[in-house]
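Student: Contents are mmCIF, C-alpha atoms; file name run.cif:
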data_protein
#
loop_
_atom_site.label_atom_id
_atom_site.label_comp_id
_atom_site.auth_asym_id
_atom_site.auth_seq_id
_atom_site.Cartn_x
_atom_site.Cartn_y
_atom_site.Cartn_z
CA MET Q 1 -13.68 8.10 8.75
CA ILE Q 2 -12.07 9.23 5.53
CA VAL Q 3 -9.61 7.07 3.62
CA VAL Q 4 -7.55 8.98 1.06
CA GLY Q 5 -6.27 6.91 -1.86
CA ALA Q 6 -7.43 4.16 -4.20
CA SER Q 7 -4.69 1.53 -4.30
CA ASN Q 8 -4.11 -1.60 -2.23
CA SER Q 9 -3.44 -0.04 1.17
CA ALA Q 10 -6.31 2.44 0.89
CA VAL Q 11 -8.75 -0.24 -0.25
CA ASP Q 12 -7.65 -2.60 2.54
CA ALA Q 13 -8.04 0.18 5.14
CA ALA Q 14 -11.48 1.15 3.82
CA LEU Q 15 -12.81 -2.40 3.76
CA GLU Q 16 -11.34 -3.45 7.12
CA THR Q 17 -12.54 -0.39 9.00
CA TRP Q 18 -15.98 -0.65 7.36
CA ARG Q 19 -16.19 -4.31 8.41
CA LYS Q 20 -15.42 -3.24 11.98
CA GLY Q 21 -18.33 -0.79 11.92
CA ALA Q 22 -16.80 2.47 10.73
CA GLU Q 23 -18.70 4.78 8.42
CA VAL Q 24 -16.17 5.09 5.61
CA THR Q 25 -15.78 7.73 2.92
CA MET Q 26 -13.03 7.40 0.32
CA VAL Q 27 -11.49 10.42 -1.40
CA VAL Q 28 -9.95 9.36 -4.71
CA ARG Q 29 -7.93 11.72 -6.89
CA LYS Q 30 -8.66 9.77 -10.09
CA ASP Q 31 -11.90 8.54 -11.64
CA GLN Q 32 -11.80 4.96 -10.33
CA ILE Q 33 -10.34 2.53 -7.82
CA GLY Q 34 -6.77 1.77 -8.87
CA PRO Q 35 -6.48 -0.80 -11.66
CA ARG Q 36 -3.62 -2.55 -9.82
CA VAL Q 37 -5.66 -3.28 -6.69
CA LYS Q 38 -5.47 -6.98 -5.86
CA TYR Q 39 -7.78 -8.84 -8.24
CA TRP Q 40 -9.59 -10.59 -5.38
CA VAL Q 41 -10.19 -7.34 -3.46
CA ARG Q 42 -11.05 -4.90 -6.24
CA PRO Q 43 -14.57 -6.29 -6.89
CA ASP Q 44 -15.33 -6.15 -3.15
CA ILE Q 45 -14.54 -2.42 -2.81
CA ILE Q 46 -16.34 -1.58 -6.06
CA ASN Q 47 -19.43 -3.46 -4.84
CA ARG Q 48 -19.33 -1.71 -1.44
CA ILE Q 49 -19.15 1.67 -3.21
CA GLN Q 50 -21.90 0.81 -5.70
CA GLU Q 51 -24.26 -0.40 -2.97
CA GLY Q 52 -23.54 2.72 -0.89
CA SER Q 53 -21.96 0.94 2.09
CA ILE Q 54 -18.78 2.93 1.48
CA LYS Q 55 -19.12 6.47 0.08
CA ALA Q 56 -16.58 7.52 -2.53
CA TYR Q 57 -15.73 10.90 -4.03
CA PHE Q 58 -13.86 10.37 -7.31
CA ASN Q 59 -11.82 13.03 -9.12
CA SER Q 60 -11.62 14.70 -5.73
CA THR Q 61 -9.07 15.97 -3.22
CA ILE Q 62 -9.02 16.99 0.43
CA LYS Q 63 -9.08 20.77 0.67
CA GLU Q 64 -8.99 21.17 4.46
CA ILE Q 65 -9.08 18.97 7.56
CA ARG Q 66 -10.51 20.37 10.79
CA GLU Q 67 -11.09 18.73 14.15
CA ASP Q 68 -14.52 17.33 13.31
CA GLU Q 69 -15.08 17.98 9.61
CA VAL Q 70 -13.32 17.83 6.26
CA ASP Q 71 -13.68 19.87 3.08
CA ILE Q 72 -13.50 17.81 -0.11
CA GLN Q 73 -13.02 19.46 -3.49
CA THR Q 74 -15.20 17.48 -5.90
CA PRO Q 75 -16.07 18.01 -9.58
CA ASP Q 76 -19.41 19.37 -8.34
CA GLY Q 77 -17.81 21.84 -5.93
CA LEU Q 78 -16.76 21.91 -2.30
CA VAL Q 79 -18.39 19.34 0.02
CA THR Q 80 -18.01 19.54 3.79
CA ILE Q 81 -18.64 16.40 5.82
CA LYS Q 82 -18.52 15.58 9.52
CA ASN Q 83 -15.52 13.40 10.22
CA ASP Q 84 -13.40 12.11 13.10
CA TRP Q 85 -10.45 10.38 11.41
CA VAL Q 86 -8.44 10.66 8.21
CA ILE Q 87 -6.26 7.80 7.01
CA ALA Q 88 -3.97 8.93 4.19
CA MET Q 89 -2.92 5.88 2.17
CA THR Q 90 -1.39 7.79 -0.70
CA GLY Q 91 1.46 5.60 -1.82
CA TYR Q 92 4.72 3.92 -0.95
CA GLN Q 93 8.17 4.66 -2.30
CA PRO Q 94 10.98 2.29 -1.32
CA ASN Q 95 14.07 3.87 0.21
CA LEU Q 96 16.48 2.72 -2.47
CA ASP Q 97 19.16 5.22 -1.46
CA PHE Q 98 19.33 3.48 1.92
CA LEU Q 99 19.79 0.08 0.27
CA GLN Q 100 22.55 1.45 -1.95
CA SER Q 101 24.26 3.02 1.06
CA LEU Q 102 24.50 -0.50 2.50
CA GLY Q 103 26.18 -1.70 -0.71
CA ILE Q 104 23.14 -3.50 -2.12
CA HIS Q 105 23.18 -3.52 -5.92
CA LEU Q 106 20.10 -2.31 -7.80
CA SER Q 107 19.13 -3.24 -11.35
CA ASP Q 108 20.15 -0.68 -13.97
CA ASP Q 109 16.64 -0.25 -15.35
CA GLU Q 110 13.85 2.01 -14.03
CA VAL Q 111 12.62 -0.76 -11.68
CA LYS Q 112 15.79 -0.58 -9.54
CA LYS Q 113 15.20 -4.08 -8.20
CA PRO Q 114 17.59 -4.98 -5.35
CA ALA Q 115 19.95 -7.90 -5.91
CA TYR Q 116 18.98 -10.85 -3.73
CA ASP Q 117 18.98 -14.64 -3.76
CA ASP Q 118 15.53 -16.12 -4.46
CA ALA Q 119 16.13 -19.04 -2.11
CA SER Q 120 17.21 -17.05 0.96
CA TYR Q 121 16.34 -13.40 0.24
CA GLU Q 122 19.90 -12.49 1.17
CA THR Q 123 21.17 -9.51 -0.80
CA ASN Q 124 24.56 -9.30 -2.47
CA VAL Q 125 25.80 -8.07 0.94
CA ARG Q 126 26.27 -11.07 3.24
CA ASN Q 127 23.84 -11.17 6.20
CA ILE Q 128 21.61 -8.42 4.86
CA PHE Q 129 18.22 -9.83 3.90
CA ILE Q 130 15.17 -8.17 2.41
CA ALA Q 131 11.54 -9.29 2.36
CA GLY Q 132 8.19 -8.01 1.17
CA VAL Q 133 7.43 -5.16 -1.21
CA ILE Q 134 11.03 -3.90 -1.28
CA CYS Q 135 12.02 -7.03 -3.25
CA GLY Q 136 10.29 -5.56 -6.28
CA GLY Q 137 12.17 -2.26 -6.21
CA MET Q 138 9.96 0.38 -7.84
CA ASN Q 139 7.52 -2.35 -8.94
CA THR Q 140 5.59 -1.85 -5.70
CA HIS Q 141 2.33 -3.27 -7.09
CA ARG Q 142 3.79 -6.75 -7.61
CA LEU Q 143 4.20 -7.87 -4.00
CA PHE Q 144 1.99 -7.55 -0.94
CA ILE Q 145 1.43 -9.44 2.32
CA GLU Q 146 -0.59 -12.23 0.75
CA ASN Q 147 2.12 -13.25 -1.72
CA SER Q 148 5.26 -12.41 0.24
CA ARG Q 149 4.74 -14.25 3.53
CA GLU Q 150 7.20 -16.91 2.37
CA HIS Q 151 10.02 -14.35 2.28
CA ALA Q 152 10.33 -14.19 6.08
CA GLU Q 153 10.24 -17.98 6.38
CA LYS Q 154 13.13 -18.31 3.93
CA VAL Q 155 15.13 -15.60 5.72
CA ILE Q 156 14.62 -17.22 9.13
CA GLU Q 157 15.50 -20.68 7.81
CA THR Q 158 18.75 -19.36 6.34
CA ILE Q 159 19.68 -17.61 9.59
CA LYS Q 160 18.85 -20.72 11.65
CA LYS Q 161 21.11 -22.88 9.45
CA ARG Q 162 23.99 -20.43 9.85
CA THR Q 163 23.67 -20.15 13.63
CA ARG Q 164 23.54 -23.94 14.12
CA GLY Q 165 26.85 -24.47 12.40
#
Give the structure from this file in structure tokens form.

Tutor:
Amino acid sequence: MIVVGASNSAVDAALETWRKGAEVTMVVRKDQIGPRVKYWVRPDIINRIQEGSIKAYFNSTIKEIREDEVDIQTPDGLVTIKNDWVIAMTGYQPNLDFLQSLGIHLSDDEVKKPAYDDASYETNVRNIFIAGVICGGMNTHRLFIENSREHAEKVIETIKKRTRG
């Protein structure tokens, strides 16, 4: 199995599939695992790569995907490997235009953080709530499952209170 990417989702996919018995190869466009990978996960993936449990091609790109093999363009030339699956974890961009179309205000800076209440996660538009990575706007490296689970709990609690009354 090939995992394309080197940030949180790619690293999570590589480690989880490897732990379940997959033979994992990562194809990474840059020269290292992303510096913003969760601090408690980054050493794990680096250790798996260094020990050879997970193969990694750095400064590399996928050239061609065929039914049972993949061509990888590496600094040392083209490498063809046998492969069954490709998981492309190449990044996330929030759909901020959609939020704006609903009337949700975004911050004026480059982060474009949606306006929401920290206690309920309700946006400036009544009864529209957000949770998870989208709360950070373009700062997508700030939030992930492990530190945003509380969002849903706060949303549900707010909705429960409103429906009881």

Student: Can you list, as a count of residues only, every protein, DNA or RNA residue that comes within 12 Å of Arg19 in chain Q when you count all atoms listed in the file, leaving out same-chain residues fewer than 5 positions away?

Tutor: 9

Student: Given the file shown, determine the residues that the PyMOL selection byres ((chain Q and resi 69-73) around 12) selects; report them as a count of residues only.

Tutor: 35

Student: Could you list, as a list in words, every residue within 10 Å of Tyr116 in chain Q, counting all atoms listed in the file and ignoring same-chain residues fewer than 2 positions away?

Tutor: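 Final neighbour list, sorted by chain and number: Ile104, His105, Leu106, Lys113, Pro114, Asp118, Ala119, Ser120, Tyr121, Glu122, Thr123, Asn124, Val125, Ile128, Phe129, Ile130, Ala131 and Cys135 of chain Q.
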
Student: Applied to this file, what does the PyMOL selection byres ((chain Q and resi 141) around 9) return in terms of residues, put as a PyMOL selection string?

Tutor: chain Q and resi 7-8+36-38+133+136+138-140+142-144

Student: Between CA of Gly103 in chain Q and CA of Glu157 in chain Q, measure the distance and give it in Å to one decimal.

Tutor: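 Atom-to-atom, CA of Gly103 in chain Q and CA of Glu157 in chain Q are spaced 23.4 Å apart.
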
Student: Restricting the calculation to only C-alpha atoms: of Q:Ile46, Q:Val41, Q:Leu96, Q:Ala152, which residue gets closest to Glu110 in chain Q?

Tutor: Q:Leu96

Student: If you take every atom of range 142-160 of chain Q that the file lists and fit an axis-aligned box around them with 4 Å extra on each side, what centre and edge lengths come out in Å to one decimal, as JSON?

Tutor:
{"center_x": 9.5, "center_y": -13.7, "center_z": 2.0, "size_x": 28.3, "size_y": 22.0, "size_z": 27.3}

Student: For Ala6 in chain Q, work out the shell of residues within 6 Å, counting all atoms listed in the file and skipping chain neighbours fewer than 2 positions away, then give it as a PDB file with C-alpha atoms, in the coordinates of the input.

Tutor:
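File written: around.pdb
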ATOM      1  CA  ALA Q  10      -6.310   2.440   0.890  1.00  0.00           C
ATOM      2  CA  VAL Q  28      -9.950   9.360  -4.710  1.00  0.00           C
ATOM      3  CA  ILE Q  33     -10.340   2.530  -7.820  1.00  0.00           C
ATOM      4  CA  GLY Q  34      -6.770   1.770  -8.870  1.00  0.00           C
TER       5      GLY Q  34
END

Student: Which residue is closest to Val155 in chain Q? Choose from Q:Asn127, Q:Val11, Q:Gln93, Q:Ala115 and count all atoms listed in the file.

Tutor: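 Comparing Q:Asn127, Q:Val11, Q:Gln93, Q:Ala115 against Val155 in chain Q, the winner is Q:Asn127.
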
Student: To one decimal place in Å, what is the distance between CA of Thr90 in chain Q and CA of Pro35 in chain Q?

Tutor: 14.8 Å
